[in-house]
>>> print(open('run18.txt').read())   # compact mmCIF, C-alpha atoms
# COMPACT_ATOMS: atom_id res chain seq x y z
CA MET A 9 135.39 208.26 20.21
CA ILE A 10 138.13 205.63 20.49
CA GLU A 11 135.57 202.91 19.67
CA GLN A 12 134.82 204.62 16.38
CA ILE A 13 138.53 204.99 15.58
CA ARG A 14 139.12 201.31 16.30
CA GLU A 15 136.11 200.35 14.21
CA LYS A 16 137.31 202.44 11.28
CA ALA A 17 140.85 201.10 11.65
CA LYS A 18 139.51 197.55 11.62
CA GLU A 19 137.41 198.27 8.55
CA LEU A 20 140.32 199.81 6.65
CA LEU A 21 142.70 196.99 7.55
CA THR A 22 140.21 194.25 6.78
CA SER A 23 139.32 195.69 3.39
CA GLY A 24 143.02 196.03 2.64
CA GLU A 25 142.66 199.72 1.84
CA VAL A 26 145.50 200.42 4.21
CA LYS A 27 148.29 198.13 5.38
CA VAL A 28 149.11 199.88 8.63
CA VAL A 29 147.32 202.16 11.05
CA ILE A 30 149.64 204.56 12.85
CA GLY A 31 148.14 205.52 16.18
CA TYR A 32 148.73 205.70 19.92
CA GLU A 33 148.73 202.91 22.50
CA ASN A 34 149.13 203.04 26.25
CA GLY A 35 152.72 203.46 27.33
CA GLY A 36 154.60 201.41 29.88
CA LEU A 37 153.85 203.90 32.63
CA PRO A 38 150.52 205.38 33.64
CA GLU A 39 149.58 208.62 31.90
CA THR A 40 151.82 207.95 28.91
CA THR A 41 151.23 206.81 25.39
CA ARG A 42 153.52 205.64 22.64
CA PRO A 43 153.18 205.24 18.88
CA VAL A 44 151.79 201.94 17.66
CA PHE A 45 151.76 200.47 14.17
CA VAL A 46 148.72 198.26 13.77
CA THR A 47 149.01 195.93 10.81
CA SER A 48 146.34 193.37 11.62
CA PRO A 49 142.61 193.93 12.25
CA ASP A 50 142.87 191.80 15.43
CA GLU A 51 145.15 194.34 17.03
CA VAL A 52 143.01 197.46 16.76
CA GLU A 53 142.11 197.21 20.47
CA ARG A 54 145.59 198.52 21.20
CA LEU A 55 144.65 201.94 19.85
CA VAL A 56 143.88 204.61 22.44
CA TRP A 57 143.04 208.27 22.41
CA ASN A 58 143.48 210.52 25.43
CA LYS A 59 145.12 213.72 26.56
CA TYR A 60 148.53 212.06 26.73
CA CYS A 61 148.68 211.54 22.98
CA TYR A 62 151.40 214.13 22.47
CA ALA A 63 153.45 212.60 19.70
CA ASN A 64 153.22 213.98 16.21
CA LEU A 65 152.88 210.75 14.30
CA ALA A 66 153.31 212.49 10.94
CA THR A 67 157.04 211.96 11.49
CA PHE A 68 156.57 208.31 10.64
CA LEU A 69 155.02 208.98 7.24
CA VAL A 70 158.43 209.88 5.85
CA ARG A 71 160.41 207.16 7.62
CA LYS A 72 161.36 204.28 5.35
CA GLU A 73 160.76 201.64 8.01
CA VAL A 74 157.13 202.69 8.13
CA SER A 75 156.48 203.56 4.50
CA SER A 76 157.81 200.11 3.52
CA LEU A 77 154.84 198.58 5.37
CA GLY A 78 152.42 199.85 2.73
CA LYS A 79 149.72 202.49 2.58
CA PRO A 80 149.17 204.01 6.03
CA ALA A 81 146.21 205.42 7.89
CA ILE A 82 147.22 207.86 10.58
CA VAL A 83 145.53 209.14 13.72
CA ALA A 84 146.16 212.87 13.60
CA LYS A 85 145.28 215.89 15.70
CA GLY A 86 144.83 219.27 14.05
CA CYS A 87 148.48 220.19 14.58
CA ASP A 88 149.67 216.84 13.22
CA VAL A 89 147.53 217.40 10.14
CA LYS A 90 149.38 220.67 9.59
CA ALA A 91 152.60 218.66 9.41
CA ILE A 92 151.00 216.30 6.89
CA VAL A 93 149.92 219.29 4.81
CA VAL A 94 153.51 220.59 4.67
CA LEU A 95 154.75 217.13 3.67
CA ILE A 96 152.22 217.15 0.83
CA GLN A 97 153.26 220.67 -0.19
CA GLU A 98 156.87 219.55 -0.32
CA SER A 99 156.01 216.44 -2.39
CA GLN A 100 157.13 214.04 0.30
CA ILE A 101 153.79 212.25 0.26
CA GLU A 102 150.78 212.33 -2.01
CA ARG A 103 147.44 213.18 -0.44
CA GLU A 104 145.82 210.02 -1.80
CA ASP A 105 148.61 207.85 -0.37
CA VAL A 106 147.56 208.43 3.23
CA VAL A 107 144.25 208.04 5.03
CA ILE A 108 143.92 210.71 7.68
CA LEU A 109 141.87 209.73 10.73
CA GLY A 110 141.38 213.24 12.07
CA VAL A 111 140.57 213.66 15.75
CA THR A 112 139.24 216.85 17.26
CA CYS A 113 141.34 217.88 20.21
CA GLU A 114 140.90 220.29 23.11
CA GLY A 115 144.60 220.18 23.85
CA VAL A 116 147.01 217.54 25.09
CA GLY A 117 149.11 217.30 28.21
CA ASP A 118 148.44 217.76 31.86
CA PRO A 119 148.93 220.68 32.30
CA LEU A 120 148.23 221.65 28.71
CA LEU A 121 151.22 222.01 26.41
CA SER A 122 152.04 225.63 25.64
CA LYS A 123 150.97 225.19 22.01
CA CYS A 124 147.42 224.22 22.93
CA PRO A 125 145.93 227.49 24.24
CA ILE A 126 147.07 229.23 21.03
CA CYS A 127 145.86 226.46 18.74
CA ASP A 128 143.39 227.32 15.99
CA VAL A 129 143.09 223.84 14.51
CA ASN A 130 141.22 222.01 17.25
CA THR A 131 139.27 220.51 14.38
CA PRO A 132 141.73 219.26 11.75
CA ARG A 133 141.50 221.14 8.47
CA GLU A 134 142.22 218.11 6.33
CA TYR A 135 140.96 214.58 6.96
CA ASP A 136 139.30 211.55 5.42
CA TYR A 137 137.33 210.63 8.52
CA LEU A 138 136.70 212.87 11.48
CA PHE A 139 136.22 211.62 15.04
CA GLY A 140 134.83 213.71 17.87
CA GLU A 141 132.64 216.78 17.98
CA GLU A 142 133.72 219.60 15.71
CA ILE A 143 135.24 222.50 17.65
CA PRO A 144 134.99 225.93 16.04
CA PRO A 145 138.44 227.50 15.55
CA LYS A 146 139.45 230.06 18.19
CA THR A 147 139.77 233.61 17.02
CA ASP A 148 141.64 236.56 18.55
CA ILE A 149 144.55 234.51 19.82
CA ASN A 150 148.04 235.93 19.77
CA LYS A 151 150.34 233.11 18.74
CA PHE A 152 153.47 235.13 19.29
CA ALA A 153 152.97 236.81 22.66
CA ASP A 154 156.06 235.22 24.21
CA ILE A 155 158.17 236.03 21.14
CA GLU A 156 157.14 239.68 21.34
CA GLU A 157 158.04 239.67 25.02
CA PHE A 158 161.48 238.23 24.26
CA GLU A 159 162.14 240.75 21.50
CA LYS A 160 161.86 243.54 24.04
CA LYS A 161 165.10 242.45 25.66
CA SER A 162 168.35 244.12 24.70
CA PRO A 163 170.60 242.35 22.16
CA GLN A 164 173.08 241.64 24.90
CA GLU A 165 170.45 240.02 27.13
CA ARG A 166 169.24 237.96 24.19
CA PHE A 167 172.74 236.80 23.34
CA GLU A 168 173.44 235.88 26.94
CA PHE A 169 170.16 234.01 27.15
CA TRP A 170 170.97 231.89 24.12
CA GLU A 171 174.56 231.46 25.16
CA LYS A 172 173.32 229.98 28.39
CA GLN A 173 170.65 227.86 26.79
CA LEU A 174 172.72 226.57 23.89
CA SER A 175 175.69 225.77 26.10
CA LYS A 176 173.49 222.95 27.42
CA CYS A 177 173.07 221.30 24.02
CA VAL A 178 174.72 217.89 23.81
CA LYS A 179 174.17 217.54 20.06
CA CYS A 180 172.09 214.41 20.48
CA TYR A 181 169.99 215.50 17.49
CA ALA A 182 166.79 214.25 19.15
CA CYS A 183 165.16 217.48 17.95
CA ARG A 184 165.96 216.48 14.39
CA GLN A 185 164.97 212.84 14.73
CA VAL A 186 161.57 213.64 16.14
CA CYS A 187 160.77 216.39 13.64
CA PRO A 188 158.35 215.51 10.86
CA MET A 189 159.97 218.15 8.66
CA CYS A 190 163.51 216.82 9.06
CA TYR A 191 163.41 214.16 6.39
CA CYS A 192 166.68 214.82 4.52
CA GLU A 193 168.42 211.53 3.83
CA VAL A 194 171.72 213.13 4.75
CA CYS A 195 171.41 215.99 7.20
CA ILE A 196 173.89 218.83 6.92
CA ALA A 197 174.94 217.97 10.47
CA ASP A 198 176.11 214.57 9.23
CA LYS A 199 178.07 215.87 6.28
CA ASN A 200 181.80 216.04 6.79
CA GLN A 201 183.14 217.00 3.39
CA PRO A 202 183.09 219.87 3.98
CA GLN A 203 182.33 219.84 7.66
CA TRP A 204 179.86 222.67 8.00
CA LEU A 205 178.83 222.09 11.56
CA GLU A 206 181.26 221.45 14.31
CA THR A 207 180.56 218.06 15.78
CA SER A 208 181.67 218.51 19.36
CA SER A 209 179.10 220.02 21.65
CA HIS A 210 180.77 223.26 22.65
CA THR A 211 178.74 226.44 22.70
CA ARG A 212 180.07 227.88 19.45
CA GLY A 213 179.24 224.76 17.47
CA ASN A 214 175.91 224.55 19.27
CA PHE A 215 175.03 228.04 18.06
CA HIS A 216 175.66 227.01 14.49
CA TRP A 217 173.70 223.80 14.75
CA ASN A 218 170.72 225.34 16.50
CA LEU A 219 170.61 228.35 14.17
CA ILE A 220 170.71 226.09 11.14
CA ARG A 221 168.20 223.63 12.56
CA ALA A 222 165.75 226.45 13.21
CA TRP A 223 166.57 228.03 9.88
CA HIS A 224 165.88 224.86 7.92
CA LEU A 225 162.43 224.90 9.48
CA ALA A 226 161.70 228.50 8.53
CA GLY A 227 158.31 228.72 6.90
CA ARG A 228 157.88 224.97 7.46
CA CYS A 229 157.66 224.45 11.21
CA ILE A 230 154.06 223.93 12.27
CA ASP A 231 154.91 224.26 15.96
CA CYS A 232 154.05 220.75 17.08
CA LEU A 233 156.57 221.30 19.89
CA GLU A 234 158.01 217.82 19.51
CA CYS A 235 161.61 219.08 19.32
CA GLU A 236 161.22 220.81 22.62
CA ARG A 237 159.58 217.75 24.17
CA ALA A 238 162.37 215.52 22.89
CA CYS A 239 165.16 217.83 24.07
CA PRO A 240 166.86 216.17 27.04
CA VAL A 241 168.27 219.46 28.31
CA ASP A 242 165.13 221.60 27.91
CA ILE A 243 166.34 224.17 25.40
CA PRO A 244 163.35 226.35 24.44
CA LEU A 245 163.68 225.47 20.76
CA SER A 246 160.19 226.55 19.88
CA LEU A 247 161.19 230.16 20.58
CA LEU A 248 163.58 229.98 17.64
CA ASN A 249 161.10 228.14 15.45
CA ARG A 250 158.30 230.52 16.20
CA LYS A 251 160.43 233.61 15.82
CA LEU A 252 160.95 232.49 12.23
CA ALA A 253 157.26 231.67 11.88
CA LYS A 254 156.48 235.19 13.01
CA SER A 255 159.03 236.68 10.66
CA VAL A 256 157.65 234.72 7.71
CA LYS A 257 154.12 235.70 8.60
CA GLU A 258 154.95 239.38 8.89
CA ARG A 259 157.19 239.58 5.87
CA PHE A 260 155.54 237.18 3.45
CA ASP A 261 152.06 236.77 4.91
CA TYR A 262 152.39 233.00 5.02
CA GLU A 263 151.65 230.37 7.64
CA PRO A 264 152.65 226.77 7.04
CA GLY A 265 150.24 223.88 7.31
CA TYR A 266 147.03 225.52 6.26
CA ASP A 267 146.97 225.35 2.47
CA LYS A 268 148.40 222.34 0.70
CA GLU A 269 148.35 224.15 -2.65
CA ALA A 270 150.35 227.18 -1.48
CA PRO A 271 154.01 227.40 -2.55
CA PRO A 272 156.40 227.26 0.42
CA PRO A 273 157.67 230.81 1.09
CA PHE A 274 161.35 230.16 0.48
CA THR A 275 160.75 228.52 -2.90
CA ASP A 276 158.84 231.58 -3.97
CA PHE A 277 159.39 235.33 -4.16
CA LYS A 278 157.72 238.56 -5.07
CA PRO A 279 159.59 241.41 -6.75
CA GLN A 280 158.15 243.74 -4.13
CA ASP A 281 159.32 241.71 -1.12
CA PRO A 282 160.50 243.93 1.75
CA GLN A 283 164.20 244.80 1.65
CA GLU A 284 164.52 247.58 4.20
CA PHE A 285 167.68 245.96 5.56
CA ILE A 286 169.54 246.00 2.22
CA LYS A 287 171.55 249.03 1.35
CA MET B 27 191.18 241.78 -8.26
CA SER B 28 189.83 244.26 -5.84
CA ASN B 29 191.59 242.88 -2.80
CA GLU B 30 194.87 243.61 -4.50
CA VAL B 31 194.11 247.30 -4.21
CA LYS B 32 196.73 248.68 -1.88
CA THR B 33 196.27 251.54 0.46
CA GLU B 34 199.24 253.59 1.44
CA GLU B 35 201.04 252.13 4.36
CA ASN B 36 199.52 253.46 7.50
CA PRO B 37 202.36 253.80 9.96
CA ALA B 38 199.95 253.76 12.90
CA ALA B 39 198.68 250.33 11.95
CA SER B 40 201.41 248.25 13.43
CA GLU B 41 201.04 244.50 13.26
CA LYS B 42 199.95 244.25 16.84
CA GLU B 43 197.09 246.66 16.54
CA TRP B 44 193.75 245.01 16.01
CA GLN B 45 192.22 245.50 12.61
CA PRO B 46 188.73 244.42 11.62
CA LYS B 47 188.40 241.22 9.68
CA ILE B 48 185.52 241.39 7.27
CA ILE B 49 184.40 238.63 4.96
CA ALA B 50 182.45 239.64 1.87
CA PHE B 51 180.33 237.09 0.05
CA VAL B 52 179.64 238.52 -3.38
CA CYS B 53 178.11 237.37 -6.62
CA ASN B 54 180.24 236.87 -9.69
CA TRP B 55 178.21 238.99 -12.08
CA CYS B 56 177.53 242.27 -10.32
CA THR B 57 179.28 242.89 -7.03
CA TYR B 58 182.51 241.13 -7.90
CA ALA B 59 182.64 243.07 -11.15
CA GLY B 60 181.81 246.21 -9.15
CA ALA B 61 184.70 245.51 -6.80
CA ASP B 62 186.88 244.90 -9.83
CA LEU B 63 185.83 248.26 -11.22
CA ALA B 64 186.77 249.90 -7.93
CA GLY B 65 190.19 248.34 -8.39
CA THR B 66 190.70 249.25 -12.03
CA SER B 67 189.45 252.76 -11.28
CA ARG B 68 192.19 252.99 -8.65
CA ILE B 69 189.71 253.84 -5.92
CA VAL B 70 191.54 253.56 -2.62
CA TYR B 71 189.53 251.79 0.07
CA GLU B 72 190.08 249.93 3.30
CA PRO B 73 192.00 246.69 2.83
CA HIS B 74 190.38 244.74 5.68
CA VAL B 75 187.92 242.91 3.55
CA ARG B 76 188.38 239.39 2.23
CA ILE B 77 186.23 238.79 -0.81
CA ILE B 78 184.73 235.42 -1.55
CA LYS B 79 183.19 235.17 -4.99
CA LEU B 80 180.20 232.94 -5.60
CA PRO B 81 178.19 232.40 -8.77
CA CYS B 82 175.14 234.23 -7.45
CA SER B 83 173.80 235.74 -4.25
CA GLY B 84 171.35 232.82 -4.42
CA ARG B 85 174.32 230.57 -3.72
CA ILE B 86 175.11 232.31 -0.46
CA ASP B 87 173.97 229.86 2.17
CA VAL B 88 173.18 231.40 5.52
CA SER B 89 175.64 228.93 7.00
CA PHE B 90 178.44 230.91 5.34
CA ILE B 91 177.66 233.84 7.58
CA VAL B 92 177.78 231.77 10.75
CA LYS B 93 180.89 229.98 9.55
CA ALA B 94 182.62 233.30 8.92
CA PHE B 95 181.95 234.39 12.49
CA GLU B 96 183.04 230.99 13.71
CA GLN B 97 186.38 231.41 11.99
CA GLY B 98 186.98 234.78 13.55
CA ALA B 99 185.34 237.34 11.30
CA ASP B 100 184.24 240.57 12.95
CA GLY B 101 181.81 241.44 10.20
CA VAL B 102 180.23 240.01 7.11
CA ILE B 103 179.19 241.73 3.90
CA VAL B 104 176.71 239.99 1.64
CA SER B 105 176.16 241.52 -1.75
CA GLY B 106 174.73 240.67 -5.15
CA CYS B 107 172.94 242.10 -8.16
CA HIS B 108 170.16 244.62 -7.78
CA PRO B 109 166.63 243.16 -7.95
CA GLY B 110 165.80 242.54 -11.57
CA ASP B 111 169.44 242.28 -12.65
CA CYS B 112 170.21 238.71 -11.63
CA HIS B 113 172.23 236.82 -14.22
CA TYR B 114 170.11 233.78 -13.34
CA THR B 115 166.86 235.76 -13.42
CA SER B 116 165.73 235.23 -9.84
CA GLY B 117 168.63 234.10 -7.65
CA ASN B 118 168.78 237.38 -5.80
CA TYR B 119 165.03 237.45 -5.19
CA HIS B 120 165.24 234.07 -3.50
CA ALA B 121 168.34 235.16 -1.61
CA ARG B 122 166.57 238.29 -0.43
CA ARG B 123 163.81 236.25 1.21
CA ARG B 124 166.35 234.03 2.91
CA PHE B 125 168.47 236.92 4.14
CA ALA B 126 165.38 238.65 5.52
CA GLY B 127 164.36 235.59 7.51
CA PHE B 128 167.83 234.67 8.70
CA ARG B 129 168.59 238.23 9.65
CA ASP B 130 165.54 238.19 11.90
CA LEU B 131 166.77 234.98 13.49
CA LEU B 132 170.25 236.35 14.15
CA GLU B 133 168.77 239.49 15.62
CA PHE B 134 166.52 237.39 17.84
CA CYS B 135 169.58 235.54 19.12
CA GLY B 136 171.19 238.81 20.08
CA PHE B 137 173.74 239.15 17.31
CA GLU B 138 174.94 242.70 16.77
CA MET B 139 173.24 243.35 13.45
CA ARG B 140 175.62 246.13 12.46
CA ARG B 141 178.11 243.35 11.84
CA VAL B 142 176.06 241.78 9.06
CA ILE B 143 175.71 244.08 6.08
CA PHE B 144 173.53 243.39 3.08
CA SER B 145 173.81 245.40 -0.09
CA TRP B 146 173.14 245.39 -3.80
CA VAL B 147 176.15 246.54 -5.80
CA SER B 148 176.07 246.46 -9.58
CA ALA B 149 179.02 246.05 -11.94
CA ALA B 150 178.93 249.79 -12.59
CA GLU B 151 179.03 250.77 -8.91
CA GLY B 152 182.72 250.64 -8.10
CA LYS B 153 182.33 253.72 -5.96
CA LYS B 154 179.40 252.23 -4.07
CA TRP B 155 181.49 249.16 -3.31
CA ALA B 156 184.39 251.22 -2.01
CA ASP B 157 182.03 253.27 0.14
CA LEU B 158 180.32 250.14 1.42
CA VAL B 159 183.61 248.63 2.53
CA ASN B 160 184.83 251.87 4.06
CA GLU B 161 181.61 252.26 6.00
CA ALA B 162 181.69 248.66 7.14
CA VAL B 163 185.26 248.94 8.34
CA ALA B 164 184.50 252.17 10.19
CA LYS B 165 181.46 250.64 11.83
CA ILE B 166 183.26 247.51 12.89
CA ARG B 167 186.24 249.43 14.14
CA GLU B 168 183.81 251.22 16.39
CA LEU B 169 182.26 247.96 17.58
CA GLY B 170 185.58 246.23 18.11
CA PRO B 171 186.27 242.55 17.67
CA PHE B 172 183.30 240.18 17.84
CA LYS B 173 184.45 238.88 21.20
CA GLU B 174 181.06 237.59 22.28
CA TYR B 175 181.10 235.00 19.56
CA GLN B 176 184.79 234.27 19.53
CA LYS B 177 184.87 233.52 23.22
CA LEU B 178 182.17 230.88 22.94
CA LEU B 179 184.74 228.23 22.21
CA ALA B 180 187.31 229.42 24.67
CA GLU B 181 185.14 229.61 27.72
CA ASP B 182 183.57 226.65 29.27
CA ILE B 183 180.30 228.22 30.11
CA ARG B 184 178.87 225.02 31.37
CA ALA B 185 181.40 224.81 34.14
CA LYS B 186 180.98 228.45 35.02
CA GLU B 187 177.31 228.35 35.59
CA GLU B 188 174.85 225.60 36.22
CA THR B 189 172.11 226.44 33.77
CA SER B 190 168.50 226.48 34.62
CA SER B 191 165.76 225.48 32.26
CA ASP B 192 163.70 228.57 32.83
CA ARG B 193 162.44 230.09 29.63
CA ILE B 194 162.03 233.77 29.00
CA THR B 195 162.13 235.02 32.51
CA GLY B 196 165.46 233.30 33.17
>>> encode(input="run18.txt", output="structure tokens")
Amino acid sequence: MIEQIREKAKELLTSGEVKVVIGYENGGLPETTRPVFVTSPDEVERLVWNKYCYANLATFLVRKEVSSLGKPAIVAKGCDVKAIVVLIQESQIEREDVVILGVTCEGVGDPLLSKCPICDVNTPREYDYLFGEEIPPKTDINKFADIEEFEKKSPQERFEFWEKQLSKCVKCYACRQVCPMCYCEVCIADKNQPQWLETSSHTRGNFHWNLIRAWHLAGRCIDCLECERACPVDIPLSLLNRKLAKSVKERFDYEPGYDKEAPPPFTDFKPQDPQEFIK
Amino acid sequence: MSNEVKTEENPAASEKEWQPKIIAFVCNWCTYAGADLAGTSRIVYEPHVRIIKLPCSGRIDVSFIVKAFEQGADGVIVSGCHPGDCHYTSGNYHARRRFAGFRDLLEFCGFEMRRVIFSWVSAAEGKKWADLVNEAVAKIRELGPFKEYQKLLAEDIRAKEETSSDRITG
């Protein structure tokens, strides 16, 4: 499979169709990979594909340092493609401005990341070239089993849980930096006139930051789990993200990353939207 | 202005006694006018609400709610025009989606949801506004101050307890 990816990358770079291939190369330690930006056909041998290819490379599509290199081709798993789809929906990139080298994926990580057993995009749903055997999408998976479990706790237990978890946050903003959906040129966390978010990393300010971070991903997060992987203090951020995903699915029957033509849920409305909580 | 409406001095409410602090984010065209009507109609209602007027419920960022709690509010009222009545056609429809989602998030994080009250109050509903505030004040009096949130700054939780990274079971 990797031979075919390299061959295609070489072909695209030689013909000049793309200026850079964004992919994975072996990391400095065994069983790790890191992103690589291949700009010359001689370098395609650096590309690898294995179960340690965690990173969601779609992040780089909206980073100026990368987009200034020219038209990209990107090695993307099914989940990464979902991120690309949201970027297209939100007019951050045009579909024809990126070549998607889709790879079928049985799951990454050893042991598997928690997103993989509940993945229904083992075969990417959008690609220009597909590598690997097509895998039929899983059915009858419950994506929100852990969320449902958490919801059973009492409000007090939930508050204490988050108090404990969020007290660990050091406001390093790694979750934001790694997120393909966090592309605002000036993040609200960096604005100081007015200062919406408290900058020091005490628990009260951490609540605000983490609520707003999750909130700004509502209906957009495709659960690539990168924020959680980047978090140096292991806050279970995907619980917050997926709670909102569940809420959006239940209330507005929408899941991000599947349909690049669909309007994002919070730019849209229906007169008959549920409002049981409004008096 | 509605917050100029005075209740009769309650002798029991000495300065030391805790009183709920409620922040109301309201839209200019319906709820604010409704609150104004309550005032001009001389409807007496609880004075523990601070009204913040915004152009539209669509302008009410969810951050306002968190910020209000951060600054010591015990409850928040969010109110705008009834669906279909928005001065800007659809601001309240967009706001409704946002409030629905954010409310779910707050609930998930264990916030006491009786402290966050959403309502539609039209310019003709001065009575509804007064009732809404009275109910909110009664409810929050019952719940007491929002200590859980207010203590977050005061207490150094990190020092108190070495946190573990366990997820749901923790």
>>> closest_atom_pairs(input="run18.txt", of="chain A", to="chain B", cutoff="6 Å", atoms="all atoms listed in the file", output="Markdown table")
| residue | atom | partner | partner_atom | distance |
| --- | --- | --- | --- | --- |
| A:Pro163 | CA | B:Gly136 | CA | 4.1 |
| A:Gln164 | CA | B:Gly136 | CA | 5.9 |
| A:Arg166 | CA | B:Gly136 | CA | 4.6 |
| A:Phe167 | CA | B:Gly136 | CA | 4.1 |
| A:Thr211 | CA | B:Leu178 | CA | 5.6 |
| A:Arg212 | CA | B:Leu178 | CA | 5.1 |
| A:Asp242 | CA | B:Ser191 | CA | 5.9 |
| A:Ile286 | CA | B:Phe144 | CA | 4.8 |
| A:Lys287 | CA | B:Ser145 | CA | 4.5 |
>>> residues_around(input="run18.txt", residues="Ala64 (chain B)", least_positions_apart="3", cutoff="8 Å", atoms="only C-alpha atoms", output="list in words")
Ser28, Gly60, Ala61, Ser67, Arg68, Ile69, Glu151, Gly152, Lys153, Trp155 and Ala156 of chain B
>>> residues_near_point(input="run18.txt", point="(165.2, 219.1, 8.2)", cutoff="10 Å", atoms="all atoms listed in the file", output="PDB file with C-alpha atoms, in the frame of the given file")
ATOM      1  CA  CYS A 183     165.160 217.480  17.950  1.00  0.00           C
ATOM      2  CA  ARG A 184     165.960 216.480  14.390  1.00  0.00           C
ATOM      3  CA  GLN A 185     164.970 212.840  14.730  1.00  0.00           C
ATOM      4  CA  CYS A 187     160.770 216.390  13.640  1.00  0.00           C
ATOM      5  CA  PRO A 188     158.350 215.510  10.860  1.00  0.00           C
ATOM      6  CA  MET A 189     159.970 218.150   8.660  1.00  0.00           C
ATOM      7  CA  CYS A 190     163.510 216.820   9.060  1.00  0.00           C
ATOM      8  CA  TYR A 191     163.410 214.160   6.390  1.00  0.00           C
ATOM      9  CA  CYS A 192     166.680 214.820   4.520  1.00  0.00           C
ATOM     10  CA  GLU A 193     168.420 211.530   3.830  1.00  0.00           C
ATOM     11  CA  VAL A 194     171.720 213.130   4.750  1.00  0.00           C
ATOM     12  CA  CYS A 195     171.410 215.990   7.200  1.00  0.00           C
ATOM     13  CA  ILE A 196     173.890 218.830   6.920  1.00  0.00           C
ATOM     14  CA  ILE A 220     170.710 226.090  11.140  1.00  0.00           C
ATOM     15  CA  ARG A 221     168.200 223.630  12.560  1.00  0.00           C
ATOM     16  CA  ALA A 222     165.750 226.450  13.210  1.00  0.00           C
ATOM     17  CA  TRP A 223     166.570 228.030   9.880  1.00  0.00           C
ATOM     18  CA  HIS A 224     165.880 224.860   7.920  1.00  0.00           C
ATOM     19  CA  LEU A 225     162.430 224.900   9.480  1.00  0.00           C
ATOM     20  CA  ARG A 228     157.880 224.970   7.460  1.00  0.00           C
ATOM     21  CA  CYS A 229     157.660 224.450  11.210  1.00  0.00           C
TER      22      CYS A 229
END
>>> residues_around(input="run18.txt", residues="Ala182 (chain A)", least_positions_apart="2", cutoff="10 Å", atoms="only C-alpha atoms", output="PyMOL selection string")
chain A and resi 178-180+184-187+234-240
>>> atom_distance(input="run18.txt", atom1="CA of Ile86 (chain B)", atom2="CA of Val256 (chain A)")
19.4 Å
>>> atom_distance(input="run18.txt", atom1="CA of Val94 (chain A)", atom2="CA of Lys268 (chain A)")
6.7 Å
>>> residues_around(input="run18.txt", residues="region 21-35 of chain A", least_positions_apart="3", cutoff="6 Å", atoms="only C-alpha atoms", output="PyMOL selection string")
chain A and resi 18+40-47+49+54-56+78-83
>>> atom_distance(input="run18.txt", atom1="CA of Val159 (chain B)", atom2="CA of Ile103 (chain B)")
8.3 Å
>>> residues_near_point(input="run18.txt", point="(176.9, 232.7, -7.9)", cutoff="9 Å", atoms="all atoms listed in the file", output="ChimeraX atom specification")
/B:52-55,79-86,106,113-114,117
>>> residues_around(input="run18.txt", residues="Pro46 (chain B)", least_positions_apart="6", cutoff="9 Å", atoms="only C-alpha atoms", output="PyMOL selection string")
chain B and resi 74-75+99-101+163-164+166-167+170-171
>>> residues_around(input="run18.txt", residues="Pro119 (chain A)", least_positions_apart="5", cutoff="12 Å", atoms="all atoms listed in the file", output="list of chain:residue names")
A:Lys59, A:Tyr60, A:Cys124, A:Pro125
>>> write_last_selection(input="run18.txt", atoms="C-alpha atoms", output="PDB file, keeping the file's coordinate frame")
ATOM      1  CA  LYS A  59     145.120 213.720  26.560  1.00  0.00           C
ATOM      2  CA  TYR A  60     148.530 212.060  26.730  1.00  0.00           C
ATOM      3  CA  CYS A 124     147.420 224.220  22.930  1.00  0.00           C
ATOM      4  CA  PRO A 125     145.930 227.490  24.240  1.00  0.00           C
TER       5      PRO A 125
END
>>> closest_residue(input="run18.txt", among="A:Asp136, A:Asp231, A:Glu73, A:Asp276", to="Leu248 (chain A)", atoms="only C-alpha atoms")
A:Asp231
